[in-house]
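structure19.tsv, holding TSV, N, CA and C atoms:
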```
chain	number	residue	atom	x	y	z
V	1	MET	N	91.81	83.60	95.39
V	1	MET	CA	92.30	84.06	94.12
V	1	MET	C	92.24	82.92	93.11
V	2	SER	N	91.92	83.27	91.90
V	2	SER	CA	91.81	82.28	90.83
V	2	SER	C	93.19	81.82	90.38
V	3	ASN	N	93.31	80.51	90.11
V	3	ASN	CA	94.59	79.97	89.66
V	3	ASN	C	94.88	80.31	88.21
V	4	THR	N	93.85	80.66	87.42
V	4	THR	CA	94.04	80.93	86.01
V	4	THR	C	94.39	82.39	85.75
V	5	GLU	N	94.12	83.25	86.68
V	5	GLU	CA	94.44	84.66	86.51
V	5	GLU	C	95.94	84.88	86.62
V	6	PRO	N	96.52	85.69	85.72
V	6	PRO	CA	97.97	85.93	85.80
V	6	PRO	C	98.32	86.88	86.94
V	7	MET	N	99.47	86.64	87.53
V	7	MET	CA	100.01	87.56	88.54
V	7	MET	C	100.67	88.70	87.78
V	8	VAL	N	100.37	89.93	88.18
V	8	VAL	CA	100.97	91.11	87.55
V	8	VAL	C	101.34	92.11	88.64
V	9	TRP	N	102.16	93.07	88.27
V	9	TRP	CA	102.56	94.14	89.19
V	9	TRP	C	101.63	95.33	88.97
V	10	PHE	N	100.94	95.74	90.02
V	10	PHE	CA	100.10	96.93	89.99
V	10	PHE	C	100.85	98.07	90.66
V	11	ALA	N	100.86	99.23	90.01
V	11	ALA	CA	101.40	100.43	90.64
V	11	ALA	C	100.26	101.01	91.47
V	12	MET	N	100.49	101.16	92.76
V	12	MET	CA	99.43	101.60	93.66
V	12	MET	C	99.90	102.76	94.53
V	13	ARG	N	98.94	103.45	95.09
V	13	ARG	CA	99.19	104.61	95.94
V	13	ARG	C	98.63	104.33	97.33
V	14	ALA	N	99.46	104.53	98.34
V	14	ALA	CA	99.01	104.41	99.73
V	14	ALA	C	98.83	105.85	100.22
V	15	THR	N	97.60	106.23	100.48
V	15	THR	CA	97.30	107.62	100.81
V	15	THR	C	97.99	108.10	102.09
V	16	TYR	N	98.24	109.39	102.11
V	16	TYR	CA	98.80	110.08	103.28
V	16	TYR	C	100.14	109.52	103.76
V	17	GLY	N	100.99	109.12	102.80
V	17	GLY	CA	102.33	108.66	103.14
V	17	GLY	C	102.38	107.34	103.89
V	18	ARG	N	101.36	106.51	103.72
V	18	ARG	CA	101.31	105.25	104.46
V	18	ARG	C	101.85	104.07	103.64
V	19	ASN	N	102.78	104.33	102.72
V	19	ASN	CA	103.28	103.23	101.90
V	19	ASN	C	104.07	102.20	102.71
V	20	MET	N	104.80	102.63	103.73
V	20	MET	CA	105.55	101.67	104.55
V	20	MET	C	104.59	100.81	105.38
V	21	GLU	N	103.50	101.41	105.84
V	21	GLU	CA	102.48	100.66	106.57
V	21	GLU	C	101.83	99.63	105.64
V	22	ALA	N	101.54	100.05	104.40
V	22	ALA	CA	100.96	99.13	103.41
V	22	ALA	C	101.92	97.98	103.13
V	23	LYS	N	103.21	98.29	102.97
V	23	LYS	CA	104.21	97.25	102.70
V	23	LYS	C	104.26	96.24	103.83
V	24	LYS	N	104.22	96.73	105.06
V	24	LYS	CA	104.25	95.83	106.22
V	24	LYS	C	103.03	94.90	106.19
V	25	MET	N	101.86	95.46	105.92
V	25	MET	CA	100.63	94.65	105.87
V	25	MET	C	100.68	93.64	104.73
V	26	LEU	N	101.22	94.05	103.58
V	26	LEU	CA	101.34	93.14	102.44
V	26	LEU	C	102.32	92.01	102.77
V	27	ASP	N	103.44	92.35	103.39
V	27	ASP	CA	104.43	91.34	103.79
V	27	ASP	C	103.82	90.33	104.75
V	28	GLU	N	103.03	90.82	105.70
V	28	GLU	CA	102.40	89.94	106.69
V	28	GLU	C	101.42	88.96	106.04
V	29	THR	N	100.81	89.34	104.93
V	29	THR	CA	99.86	88.46	104.25
V	29	THR	C	100.53	87.65	103.14
V	30	GLY	N	101.84	87.82	102.95
V	30	GLY	CA	102.57	87.04	101.96
V	30	GLY	C	102.43	87.56	100.54
V	31	VAL	N	102.02	88.80	100.37
V	31	VAL	CA	101.87	89.39	99.04
V	31	VAL	C	103.16	90.11	98.68
V	32	GLU	N	103.71	89.79	97.51
V	32	GLU	CA	104.95	90.40	97.06
V	32	GLU	C	104.71	91.88	96.75
V	33	SER	N	105.61	92.72	97.24
V	33	SER	CA	105.48	94.16	96.99
V	33	SER	C	106.87	94.78	96.95
V	34	PHE	N	106.92	96.00	96.44
V	34	PHE	CA	108.21	96.70	96.32
V	34	PHE	C	107.98	98.20	96.44
V	35	ILE	N	108.84	98.84	97.22
V	35	ILE	CA	108.86	100.29	97.33
V	35	ILE	C	110.29	100.74	97.02
V	36	PRO	N	110.47	101.55	95.97
V	36	PRO	CA	111.82	102.07	95.70
V	36	PRO	C	112.27	102.97	96.86
V	37	MET	N	113.45	102.70	97.38
V	37	MET	CA	113.96	103.43	98.55
V	37	MET	C	115.32	104.04	98.23
V	38	HIS	N	115.69	105.06	99.01
V	38	HIS	CA	117.01	105.65	98.90
V	38	HIS	C	117.41	106.28	100.22
V	39	HIS	N	118.70	106.54	100.33
V	39	HIS	CA	119.22	107.17	101.54
V	39	HIS	C	119.19	108.69	101.36
V	40	VAL	N	118.77	109.38	102.39
V	40	VAL	CA	118.83	110.84	102.41
V	40	VAL	C	119.49	111.26	103.71
V	41	ILE	N	120.14	112.39	103.66
V	41	ILE	CA	120.77	112.94	104.86
V	41	ILE	C	120.00	114.20	105.22
V	42	SER	N	119.50	114.22	106.44
V	42	SER	CA	118.77	115.40	106.92
V	42	SER	C	119.44	115.91	108.19
V	43	LEU	N	119.10	117.12	108.53
V	43	LEU	CA	119.68	117.70	109.74
V	43	LEU	C	118.74	117.50	110.91
V	44	GLY	N	119.29	116.96	111.97
V	44	GLY	CA	118.52	116.75	113.18
V	44	GLY	C	118.74	117.89	114.16
V	45	LYS	N	118.41	117.62	115.40
V	45	LYS	CA	118.59	118.63	116.45
V	45	LYS	C	120.06	119.02	116.56
V	46	GLY	N	120.28	120.28	116.72
V	46	GLY	CA	121.66	120.76	116.88
V	46	GLY	C	122.46	120.70	115.59
V	47	GLY	N	121.80	120.56	114.45
V	47	GLY	CA	122.49	120.52	113.17
V	47	GLY	C	123.20	119.21	112.88
V	48	ARG	N	122.88	118.19	113.65
V	48	ARG	CA	123.50	116.88	113.46
V	48	ARG	C	122.94	116.20	112.22
V	49	LYS	N	123.81	115.61	111.40
V	49	LYS	CA	123.38	114.93	110.19
V	49	LYS	C	122.83	113.55	110.53
V	50	ILE	N	121.66	113.25	109.95
V	50	ILE	CA	121.03	111.95	110.18
V	50	ILE	C	120.78	111.30	108.82
V	51	LYS	N	121.24	110.06	108.67
V	51	LYS	CA	121.04	109.33	107.43
V	51	LYS	C	119.78	108.46	107.57
V	52	LYS	N	118.83	108.65	106.65
V	52	LYS	CA	117.58	107.90	106.68
V	52	LYS	C	117.39	107.14	105.38
V	53	TYR	N	116.69	106.02	105.46
V	53	TYR	CA	116.33	105.21	104.30
V	53	TYR	C	114.84	105.44	104.08
V	54	VAL	N	114.49	106.16	103.01
V	54	VAL	CA	113.10	106.57	102.80
V	54	VAL	C	112.64	106.25	101.38
V	55	PRO	N	111.32	106.20	101.17
V	55	PRO	CA	110.80	105.96	99.82
V	55	PRO	C	111.23	107.07	98.85
V	56	VAL	N	111.54	106.68	97.63
V	56	VAL	CA	111.92	107.64	96.60
V	56	VAL	C	110.70	108.49	96.21
V	57	VAL	N	109.56	107.84	96.06
V	57	VAL	CA	108.32	108.53	95.68
V	57	VAL	C	107.30	108.31	96.80
V	58	ARG	N	106.86	109.39	97.38
V	58	ARG	CA	105.87	109.32	98.46
V	58	ARG	C	104.61	108.61	97.97
V	59	ASP	N	104.10	107.72	98.75
V	59	ASP	CA	102.83	107.01	98.52
V	59	ASP	C	102.91	105.85	97.51
V	60	LEU	N	104.00	105.66	96.80
V	60	LEU	CA	104.08	104.64	95.74
V	60	LEU	C	104.41	103.25	96.30
V	61	VAL	N	103.61	102.25	95.89
V	61	VAL	CA	103.84	100.86	96.25
V	61	VAL	C	103.53	100.01	95.02
V	62	PHE	N	104.43	99.11	94.67
V	62	PHE	CA	104.17	98.15	93.60
V	62	PHE	C	103.73	96.85	94.27
V	63	VAL	N	102.64	96.27	93.79
V	63	VAL	CA	102.07	95.07	94.39
V	63	VAL	C	101.90	94.01	93.31
V	64	ARG	N	102.41	92.80	93.57
V	64	ARG	CA	102.28	91.70	92.60
V	64	ARG	C	101.18	90.75	93.06
V	65	THR	N	100.11	90.73	92.27
V	65	THR	CA	98.96	89.88	92.58
V	65	THR	C	98.10	89.74	91.33
V	66	THR	N	96.99	89.07	91.47
V	66	THR	CA	96.02	88.98	90.37
V	66	THR	C	95.05	90.15	90.47
V	67	LYS	N	94.24	90.33	89.43
V	67	LYS	CA	93.23	91.40	89.48
V	67	LYS	C	92.26	91.16	90.64
V	68	GLU	N	91.84	89.91	90.80
V	68	GLU	CA	90.94	89.57	91.90
V	68	GLU	C	91.61	89.81	93.25
V	69	GLY	N	92.88	89.41	93.35
V	69	GLY	CA	93.63	89.62	94.58
V	69	GLY	C	93.78	91.09	94.92
V	70	MET	N	93.98	91.91	93.90
V	70	MET	CA	94.11	93.35	94.11
V	70	MET	C	92.81	93.92	94.68
V	71	LEU	N	91.68	93.47	94.16
V	71	LEU	CA	90.39	93.95	94.66
V	71	LEU	C	90.19	93.56	96.13
V	72	LEU	N	90.60	92.34	96.49
V	72	LEU	CA	90.51	91.89	97.88
V	72	LEU	C	91.45	92.70	98.79
V	73	LEU	N	92.66	92.97	98.30
V	73	LEU	CA	93.62	93.75	99.08
V	73	LEU	C	93.09	95.15	99.37
V	74	LYS	N	92.44	95.74	98.37
V	74	LYS	CA	91.92	97.09	98.55
V	74	LYS	C	90.80	97.11	99.60
V	75	GLU	N	90.11	96.00	99.78
V	75	GLU	CA	89.10	95.92	100.85
V	75	GLU	C	89.78	95.85	102.22
V	76	ASP	N	90.88	95.06	102.30
V	76	ASP	CA	91.58	94.89	103.57
V	76	ASP	C	92.44	96.10	103.95
V	77	ILE	N	93.04	96.72	102.94
V	77	ILE	CA	93.90	97.89	103.17
V	77	ILE	C	93.20	99.06	102.49
V	78	ASP	N	92.30	99.68	103.23
V	78	ASP	CA	91.41	100.67	102.63
V	78	ASP	C	92.10	101.94	102.15
V	79	PHE	N	93.35	102.16	102.53
V	79	PHE	CA	94.06	103.35	102.06
V	79	PHE	C	94.93	103.07	100.84
V	80	LEU	N	94.84	101.86	100.28
V	80	LEU	CA	95.58	101.49	99.09
V	80	LEU	C	94.71	101.76	97.86
V	81	ARG	N	95.23	102.54	96.91
V	81	ARG	CA	94.46	102.94	95.73
V	81	ARG	C	95.22	102.59	94.45
V	82	ASN	N	94.47	102.29	93.40
V	82	ASN	CA	95.09	102.08	92.09
V	82	ASN	C	95.60	103.40	91.54
V	83	ILE	N	96.62	103.31	90.70
V	83	ILE	CA	97.08	104.47	89.93
V	83	ILE	C	96.59	104.24	88.51
V	84	TYR	N	96.02	105.27	87.90
V	84	TYR	CA	95.44	105.16	86.57
V	84	TYR	C	96.17	106.06	85.58
V	85	ILE	N	96.13	105.64	84.31
V	85	ILE	CA	96.61	106.48	83.21
V	85	ILE	C	95.47	106.63	82.21
V	86	PRO	N	95.40	107.76	81.52
V	86	PRO	CA	94.33	107.93	80.53
V	86	PRO	C	94.60	107.11	79.27
V	87	THR	N	93.55	106.62	78.65
V	87	THR	CA	93.66	105.89	77.38
V	87	THR	C	93.33	106.84	76.23
V	88	ALA	N	93.57	106.38	75.01
V	88	ALA	CA	93.27	107.19	73.82
V	88	ALA	C	91.78	107.47	73.70
V	89	GLU	N	90.95	106.61	74.26
V	89	GLU	CA	89.50	106.77	74.20
V	89	GLU	C	88.98	107.73	75.28
V	90	GLY	N	89.85	108.30	76.08
V	90	GLY	CA	89.43	109.21	77.13
V	90	GLY	C	89.01	108.51	78.41
V	91	LYS	N	89.22	107.21	78.49
V	91	LYS	CA	88.91	106.46	79.71
V	91	LYS	C	90.17	106.37	80.55
V	92	LYS	N	90.10	105.65	81.65
V	92	LYS	CA	91.30	105.45	82.47
V	92	LYS	C	91.58	103.97	82.61
V	93	GLN	N	92.87	103.66	82.73
V	93	GLN	CA	93.33	102.27	82.80
V	93	GLN	C	94.27	102.12	83.99
V	94	VAL	N	94.12	101.03	84.71
V	94	VAL	CA	94.99	100.73	85.86
V	94	VAL	C	96.41	100.52	85.35
V	95	VAL	N	97.39	101.08	86.06
V	95	VAL	CA	98.80	100.93	85.68
V	95	VAL	C	99.28	99.54	86.10
V	96	VAL	N	99.72	98.76	85.11
V	96	VAL	CA	100.26	97.43	85.34
V	96	VAL	C	101.65	97.39	84.71
V	97	VAL	N	102.62	96.86	85.45
V	97	VAL	CA	104.00	96.77	84.97
V	97	VAL	C	104.31	95.31	84.66
V	98	PRO	N	104.77	95.01	83.43
V	98	PRO	CA	105.15	93.62	83.09
V	98	PRO	C	106.26	93.10	84.02
V	99	ASP	N	106.22	91.81	84.32
V	99	ASP	CA	107.18	91.20	85.24
V	99	ASP	C	108.63	91.50	84.89
V	100	ALA	N	109.02	91.27	83.65
V	100	ALA	CA	110.43	91.46	83.27
V	100	ALA	C	110.87	92.90	83.52
V	101	GLN	N	110.02	93.86	83.18
V	101	GLN	CA	110.36	95.27	83.42
V	101	GLN	C	110.44	95.58	84.91
V	102	MET	N	109.53	95.01	85.68
V	102	MET	CA	109.52	95.28	87.11
V	102	MET	C	110.75	94.70	87.78
V	103	TYR	N	111.12	93.48	87.42
V	103	TYR	CA	112.29	92.87	88.05
V	103	TYR	C	113.57	93.60	87.65
V	104	SER	N	113.63	94.11	86.43
V	104	SER	CA	114.78	94.93	86.03
V	104	SER	C	114.81	96.21	86.85
V	105	PHE	N	113.66	96.82	87.04
V	105	PHE	CA	113.55	98.05	87.83
V	105	PHE	C	113.98	97.79	89.28
V	106	ILE	N	113.53	96.69	89.85
V	106	ILE	CA	113.90	96.34	91.23
V	106	ILE	C	115.42	96.18	91.32
V	107	MET	N	115.99	95.48	90.36
V	107	MET	CA	117.43	95.24	90.39
V	107	MET	C	118.20	96.55	90.29
V	108	VAL	N	117.82	97.40	89.36
V	108	VAL	CA	118.55	98.65	89.16
V	108	VAL	C	118.33	99.61	90.32
V	109	SER	N	117.10	99.77	90.77
V	109	SER	CA	116.84	100.73	91.85
V	109	SER	C	117.45	100.27	93.16
V	110	GLY	N	117.54	98.98	93.37
V	110	GLY	CA	118.18	98.46	94.58
V	110	GLY	C	119.67	98.64	94.56
V	111	SER	N	120.26	98.61	93.37
V	111	SER	CA	121.72	98.70	93.27
V	111	SER	C	122.22	100.12	93.35
V	112	LEU	N	121.37	101.11	93.09
V	112	LEU	CA	121.83	102.50	93.08
V	112	LEU	C	122.36	102.93	94.44
V	113	ASN	N	121.69	102.54	95.51
V	113	ASN	CA	122.12	102.93	96.85
V	113	ASN	C	123.26	102.08	97.37
V	114	GLU	N	123.32	100.86	96.94
V	114	GLU	CA	124.31	99.95	97.50
V	114	GLU	C	125.61	99.96	96.72
V	115	GLY	N	125.60	100.58	95.53
V	115	GLY	CA	126.80	100.62	94.72
V	115	GLY	C	127.17	99.28	94.12
V	116	ILE	N	126.21	98.36	94.07
V	116	ILE	CA	126.47	97.04	93.51
V	116	ILE	C	125.33	96.64	92.58
V	117	MET	N	125.61	95.72	91.71
V	117	MET	CA	124.57	95.14	90.88
V	117	MET	C	124.33	93.73	91.40
V	118	ARG	N	123.09	93.41	91.64
V	118	ARG	CA	122.78	92.07	92.14
V	118	ARG	C	121.60	91.52	91.36
V	119	TRP	N	121.55	90.23	91.29
V	119	TRP	CA	120.47	89.56	90.59
V	119	TRP	C	120.08	88.37	91.44
V	120	PRO	N	119.25	88.59	92.48
V	120	PRO	CA	118.89	87.51	93.40
V	120	PRO	C	118.24	86.33	92.68
V	121	GLU	N	118.39	85.16	93.24
V	121	GLU	CA	117.85	83.94	92.64
V	121	GLU	C	116.35	84.06	92.34
V	122	GLN	N	115.59	84.65	93.25
V	122	GLN	CA	114.15	84.80	93.03
V	122	GLN	C	113.87	85.62	91.77
V	123	LEU	N	114.65	86.68	91.55
V	123	LEU	CA	114.45	87.50	90.36
V	123	LEU	C	114.84	86.72	89.11
V	124	ARG	N	115.93	85.97	89.17
V	124	ARG	CA	116.36	85.17	88.00
V	124	ARG	C	115.29	84.17	87.62
V	125	ARG	N	114.71	83.50	88.60
V	125	ARG	CA	113.66	82.51	88.32
V	125	ARG	C	112.45	83.16	87.67
V	126	ASN	N	112.01	84.29	88.22
V	126	ASN	CA	110.82	84.96	87.70
V	126	ASN	C	111.02	85.48	86.30
V	127	VAL	N	112.18	86.02	85.99
V	127	VAL	CA	112.44	86.54	84.64
V	127	VAL	C	112.51	85.40	83.64
V	128	ARG	N	113.09	84.26	84.02
V	128	ARG	CA	113.17	83.11	83.11
V	128	ARG	C	111.77	82.58	82.79
V	129	GLN	N	110.85	82.67	83.72
V	129	GLN	CA	109.51	82.14	83.51
V	129	GLN	C	108.70	83.02	82.57
V	130	ASN	N	109.06	84.28	82.40
V	130	ASN	CA	108.25	85.21	81.60
V	130	ASN	C	108.79	85.39	80.22
```
Target encoding structure tokens, full file:
Amino acid sequence: MSNTEPMVWFAMRATYGRNMEAKKMLDETGVESFIPMHHVISLGKGGRKIKKYVPVVRDLVFVRTTKEGMLLLKEDIDFLRNIYIPTAEGKKQVVVVPDAQMYSFIMVSGSLNEGIMRWPEQLRRNVRQN
């Protein structure tokens, strides 16, 4: 990866519900990623309630890397796809989330399930740099 390229958050899709598998692979390679999660209660066998921690949005993974790094990741994790939005010119553009917005989102979405507000040191450092 180029040292001059900025690190950004890409909104990506892991096909066929494999976002947790993608997250594990990204973690193993040292690539920062985030999947919004929440607790759900479902009924198991015999009507027993089971509490699960699952992704809020199926297939969604946020990945922090450079454009070049993202292209390399897509080669290694072939089920990881970019998410696009249409432009005014009728073309499509890769969804990129600015650091400050992403770290705010991580903080808020993480606190919803835990009932607390937290601002980890890593997030504080990253927001101050941007």
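For the choices V:Pro6, V:Gly90, V:Gly110, V:Pro36, the atom-to-atom distance to Val57 in chain V is smallest for V:Pro36 when using all atoms listed in the file.
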DSSP helix (DSSP H, G or I) residues within chain V, listed as a short mmCIF file (atom, residue, chain, number, x, y, z; two decimals) with N, CA and C atoms, keeping the file's coordinate frame:
```
data_model
loop_
_atom_site.label_atom_id
_atom_site.label_comp_id
_atom_site.auth_asym_id
_atom_site.auth_seq_id
_atom_site.Cartn_x
_atom_site.Cartn_y
_atom_site.Cartn_z
N THR V 15 97.60 106.23 100.48
CA THR V 15 97.30 107.62 100.81
C THR V 15 97.99 108.10 102.09
N TYR V 16 98.24 109.39 102.11
CA TYR V 16 98.80 110.08 103.28
C TYR V 16 100.14 109.52 103.76
N GLY V 17 100.99 109.12 102.80
CA GLY V 17 102.33 108.66 103.14
C GLY V 17 102.38 107.34 103.89
N ASN V 19 102.78 104.33 102.72
CA ASN V 19 103.28 103.23 101.90
C ASN V 19 104.07 102.20 102.71
N MET V 20 104.80 102.63 103.73
CA MET V 20 105.55 101.67 104.55
C MET V 20 104.59 100.81 105.38
N GLU V 21 103.50 101.41 105.84
CA GLU V 21 102.48 100.66 106.57
C GLU V 21 101.83 99.63 105.64
N ALA V 22 101.54 100.05 104.40
CA ALA V 22 100.96 99.13 103.41
C ALA V 22 101.92 97.98 103.13
N LYS V 23 103.21 98.29 102.97
CA LYS V 23 104.21 97.25 102.70
C LYS V 23 104.26 96.24 103.83
N LYS V 24 104.22 96.73 105.06
CA LYS V 24 104.25 95.83 106.22
C LYS V 24 103.03 94.90 106.19
N MET V 25 101.86 95.46 105.92
CA MET V 25 100.63 94.65 105.87
C MET V 25 100.68 93.64 104.73
N LEU V 26 101.22 94.05 103.58
CA LEU V 26 101.34 93.14 102.44
C LEU V 26 102.32 92.01 102.77
N ASP V 27 103.44 92.35 103.39
CA ASP V 27 104.43 91.34 103.79
C ASP V 27 103.82 90.33 104.75
N GLU V 28 103.03 90.82 105.70
CA GLU V 28 102.40 89.94 106.69
C GLU V 28 101.42 88.96 106.04
N LYS V 45 118.41 117.62 115.40
CA LYS V 45 118.59 118.63 116.45
C LYS V 45 120.06 119.02 116.56
N GLY V 46 120.28 120.28 116.72
CA GLY V 46 121.66 120.76 116.88
C GLY V 46 122.46 120.70 115.59
N GLY V 47 121.80 120.56 114.45
CA GLY V 47 122.49 120.52 113.17
C GLY V 47 123.20 119.21 112.88
N LYS V 67 94.24 90.33 89.43
CA LYS V 67 93.23 91.40 89.48
C LYS V 67 92.26 91.16 90.64
N GLU V 68 91.84 89.91 90.80
CA GLU V 68 90.94 89.57 91.90
C GLU V 68 91.61 89.81 93.25
N GLY V 69 92.88 89.41 93.35
CA GLY V 69 93.63 89.62 94.58
C GLY V 69 93.78 91.09 94.92
N MET V 70 93.98 91.91 93.90
CA MET V 70 94.11 93.35 94.11
C MET V 70 92.81 93.92 94.68
N LEU V 71 91.68 93.47 94.16
CA LEU V 71 90.39 93.95 94.66
C LEU V 71 90.19 93.56 96.13
N LEU V 72 90.60 92.34 96.49
CA LEU V 72 90.51 91.89 97.88
C LEU V 72 91.45 92.70 98.79
N LEU V 73 92.66 92.97 98.30
CA LEU V 73 93.62 93.75 99.08
C LEU V 73 93.09 95.15 99.37
N LYS V 74 92.44 95.74 98.37
CA LYS V 74 91.92 97.09 98.55
C LYS V 74 90.80 97.11 99.60
N GLU V 75 90.11 96.00 99.78
CA GLU V 75 89.10 95.92 100.85
C GLU V 75 89.78 95.85 102.22
N ASP V 76 90.88 95.06 102.30
CA ASP V 76 91.58 94.89 103.57
C ASP V 76 92.44 96.10 103.95
N ASP V 99 106.22 91.81 84.32
CA ASP V 99 107.18 91.20 85.24
C ASP V 99 108.63 91.50 84.89
N ALA V 100 109.02 91.27 83.65
CA ALA V 100 110.43 91.46 83.27
C ALA V 100 110.87 92.90 83.52
N GLN V 101 110.02 93.86 83.18
CA GLN V 101 110.36 95.27 83.42
C GLN V 101 110.44 95.58 84.91
N MET V 102 109.53 95.01 85.68
CA MET V 102 109.52 95.28 87.11
C MET V 102 110.75 94.70 87.78
N TYR V 103 111.12 93.48 87.42
CA TYR V 103 112.29 92.87 88.05
C TYR V 103 113.57 93.60 87.65
N SER V 104 113.63 94.11 86.43
CA SER V 104 114.78 94.93 86.03
C SER V 104 114.81 96.21 86.85
N PHE V 105 113.66 96.82 87.04
CA PHE V 105 113.55 98.05 87.83
C PHE V 105 113.98 97.79 89.28
N ILE V 106 113.53 96.69 89.85
CA ILE V 106 113.90 96.34 91.23
C ILE V 106 115.42 96.18 91.32
N MET V 107 115.99 95.48 90.36
CA MET V 107 117.43 95.24 90.39
C MET V 107 118.20 96.55 90.29
N VAL V 108 117.82 97.40 89.36
CA VAL V 108 118.55 98.65 89.16
C VAL V 108 118.33 99.61 90.32
N SER V 109 117.10 99.77 90.77
CA SER V 109 116.84 100.73 91.85
C SER V 109 117.45 100.27 93.16
N GLY V 110 117.54 98.98 93.37
CA GLY V 110 118.18 98.46 94.58
C GLY V 110 119.67 98.64 94.56
N SER V 111 120.26 98.61 93.37
CA SER V 111 121.72 98.70 93.27
C SER V 111 122.22 100.12 93.35
N LEU V 112 121.37 101.11 93.09
CA LEU V 112 121.83 102.50 93.08
C LEU V 112 122.36 102.93 94.44
N ASN V 113 121.69 102.54 95.51
CA ASN V 113 122.12 102.93 96.85
C ASN V 113 123.26 102.08 97.37
N GLU V 114 123.32 100.86 96.94
CA GLU V 114 124.31 99.95 97.50
C GLU V 114 125.61 99.96 96.72
N GLU V 121 118.39 85.16 93.24
CA GLU V 121 117.85 83.94 92.64
C GLU V 121 116.35 84.06 92.34
N GLN V 122 115.59 84.65 93.25
CA GLN V 122 114.15 84.80 93.03
C GLN V 122 113.87 85.62 91.77
N LEU V 123 114.65 86.68 91.55
CA LEU V 123 114.45 87.50 90.36
C LEU V 123 114.84 86.72 89.11
N ARG V 124 115.93 85.97 89.17
CA ARG V 124 116.36 85.17 88.00
C ARG V 124 115.29 84.17 87.62
N ARG V 125 114.71 83.50 88.60
CA ARG V 125 113.66 82.51 88.32
C ARG V 125 112.45 83.16 87.67
N ASN V 126 112.01 84.29 88.22
CA ASN V 126 110.82 84.96 87.70
C ASN V 126 111.02 85.48 86.30
N VAL V 127 112.18 86.02 85.99
CA VAL V 127 112.44 86.54 84.64
C VAL V 127 112.51 85.40 83.64
N ARG V 128 113.09 84.26 84.02
CA ARG V 128 113.17 83.11 83.11
C ARG V 128 111.77 82.58 82.79
N GLN V 129 110.85 82.67 83.72
CA GLN V 129 109.51 82.14 83.51
C GLN V 129 108.70 83.02 82.57
#
```
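The nearest approach to Ser33 in chain V among the residues V:Met107, V:Leu71, V:Met20, V:Ile50, with only C-alpha atoms taken into account, belongs to V:Met20.
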Residues of range 7-56 of chain V within 6 Å of range 61-67 of chain V: nearest atom pair and distance (Å, one decimal) for each, counting all atoms listed in the file, sorted by chain and number, as CSV?
```
residue,atom,partner,partner_atom,distance
V:Met7,CA,V:Thr65,C,4.0
V:Val8,N,V:Thr65,C,3.9
V:Trp9,CA,V:Val63,C,4.2
V:Phe10,N,V:Val63,C,3.8
V:Ala11,CA,V:Phe62,CA,4.7
V:Met12,N,V:Val61,C,4.0
V:Arg13,N,V:Val61,N,4.9
V:Ala14,N,V:Val61,N,5.3
V:Val31,C,V:Arg64,N,5.8
V:Glu32,C,V:Arg64,N,4.0
V:Ser33,CA,V:Phe62,C,4.2
V:Phe34,N,V:Phe62,C,4.0
V:Ile35,N,V:Phe62,N,5.1
```
Closest of V:Val95, V:Lys23, V:Thr4, V:Thr15 to Phe79 in chain V, counting only N, CA and C atoms, is V:Thr15
Run DSSP on the backbone and grab whatever in chain V lands in strand (DSSP E or B); send it over as a VMD selection string.
chain V and resid 8 to 14 32 to 34 37 to 43 49 to 55 60 to 65 80 to 82 84 to 86 92 to 94 96 to 97
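CA of Ile77 in chain V is found 11.0 Å from CA of Lys24 in chain V.
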Contacts of Met37 in chain V at 6 Å or less, counting only N, CA and C atoms, minus same-chain residues fewer than 4 places along, as an NGL selection string?
:V and (53-56)
Since we have the selection now, will you write its residues out, keeping N, CA and C atoms, as a JSON list (two decimals), in the coordinates of the input?
```json
[["chain", "number", "residue", "atom", "x", "y", "z"],
["V", 53, "TYR", "N", 116.69, 106.02, 105.46],
["V", 53, "TYR", "CA", 116.33, 105.21, 104.30],
["V", 53, "TYR", "C", 114.84, 105.44, 104.08],
["V", 54, "VAL", "N", 114.49, 106.16, 103.01],
["V", 54, "VAL", "CA", 113.10, 106.57, 102.80],
["V", 54, "VAL", "C", 112.64, 106.25, 101.38],
["V", 55, "PRO", "N", 111.32, 106.20, 101.17],
["V", 55, "PRO", "CA", 110.80, 105.96, 99.82],
["V", 55, "PRO", "C", 111.23, 107.07, 98.85],
["V", 56, "VAL", "N", 111.54, 106.68, 97.63],
["V", 56, "VAL", "CA", 111.92, 107.64, 96.60],
["V", 56, "VAL", "C", 110.70, 108.49, 96.21]]
```
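Of the listed residues V:Tyr16, V:Glu5, V:Ser42, V:Leu26, the one whose atoms come nearest to Asp59 in chain V is V:Tyr16, with distances taken using only N, CA and C atoms.
For the pair CA of Tyr103 in chain V and CA of Met25 in chain V, the separation is 21.4 Å.
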Hey, can you check how far atom N of Met70 in chain V sits from atom C of Ala88 in chain V?
25.6 Å
